[in-house]
Every structure is written in C-alpha cells, then in structure tokens.
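Input: a single structure, listed below in structure tokens.
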Amino acid sequence: MQQSIRIKPLALAAMTMILSLPALAADTVLIGLAGPLTGPSARIGKDLENGAQLAIADANAQKPTLNGKPVTFKLVSEDDQSDPRTAVAVAQRLVDEGVAGVVG
C-alpha cells in the first residue's frame, strides 16, 4: 500500500510537468515507466506499474487538454530487471519512443 501511495504523487507530478510543456502535435502523451517487471523484484515493479496506470486513468478521466486540444495519456512500461546496464538500455528505448516523462 505504501508503494502505491508514493506512485500517485510521482505520476501526477510528471503529468503536471507535461501539461506545462509547449504544444505537442500528437494527441497522445506517452509517459514512460522503468522498473523491475520480471525477476525477484517483479512484485515491486508491478505495483509501480499498476499505480502509474491508475494515476493515468484518473488523469484521462478528467478529459485533459494541452493548449486547448484534448490529450490522452498512455503508459509505456519497460522492464529494467533491477540491473543498471539494462536500465540504461531501457532509458534509451523510452527516449526513442518519445516519452514526455518517466516515472519509476
């Protein structure tokens, strides 16, 4: 429970940051999540992912707009396997996918 309590503020902070960005051409704003989704720490990673998804669903339910245009937030999850080298590759993949921010 404590994990999900910490996730919502992180996700909401990321969304607040995104809403302050200049106009985006796309109507979908990608939010990245990097965390251990497999292996011994998978439970923690899945809790992070579920918390972020709940926060995004809450935000999308508010019908957000960016510079007057409706937007939808979408979570892009990547498994870093709790490994620093893998985390570097995950970070690069998220950048390549064009995420506006990362939580996790």
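Quick note on naming: the chains in the structure tokens go A, B, ... in the order shown, residues restart at 1 in each chain, and ligands are numbered from 1 in order of appearance.
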Counting only C-alpha atoms, what are the residues of stretch 51-93 of chain A within 9 Å of stretch 30-40 of chain A, and for each of them which pair of atoms is the nearest and at what distance in Å, to one decimal? Sort the table by chain and rising number, as a Markdown table.
```
| residue | atom | partner | partner_atom | distance |
| --- | --- | --- | --- | --- |
| A:Ala52 | CA | A:Leu33 | CA | 7.9 |
| A:Ile56 | CA | A:Ile31 | CA | 8.8 |
| A:Thr72 | CA | A:Leu30 | CA | 8.5 |
| A:Phe73 | CA | A:Leu30 | CA | 5.9 |
| A:Lys74 | CA | A:Leu30 | CA | 5.0 |
| A:Leu75 | CA | A:Ile31 | CA | 4.9 |
| A:Val76 | CA | A:Gly32 | CA | 4.7 |
| A:Ser77 | CA | A:Leu33 | CA | 4.7 |
| A:Glu78 | CA | A:Ala34 | CA | 5.1 |
| A:Asp79 | CA | A:Leu37 | CA | 5.0 |
| A:Asp80 | CA | A:Pro36 | CA | 5.2 |
| A:Gln81 | CA | A:Pro36 | CA | 4.5 |
| A:Ser82 | CA | A:Pro36 | CA | 5.2 |
| A:Asp83 | CA | A:Pro36 | CA | 8.4 |
| A:Ala87 | CA | A:Ala34 | CA | 7.4 |
| A:Val90 | CA | A:Ala34 | CA | 6.9 |
| A:Ala91 | CA | A:Ala34 | CA | 7.3 |
```
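Atom CA of A:Pro84 is positioned 16.0 Å from atom CA of A:Val103.
The interatomic distance for the pair atom CA of A:Gly45 and atom CA of A:Ala57 works out to 18.2 Å.
With atom CA of A:Gly104 on one side and atom CA of A:Gly68 on the other, the separation reads 29.0 Å.
Considering only C-alpha atoms, the residue among A:Val88, A:Val102, A:Val29, A:Ala42 positioned nearest to A:Ala59 is A:Val29.
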task: Name the residues of stretch 10-98 of chain A that fall into strand (DSSP E) according to DSSP on the backbone, using the chain letters and numbers of this document, as a count of residues only.
output: 20
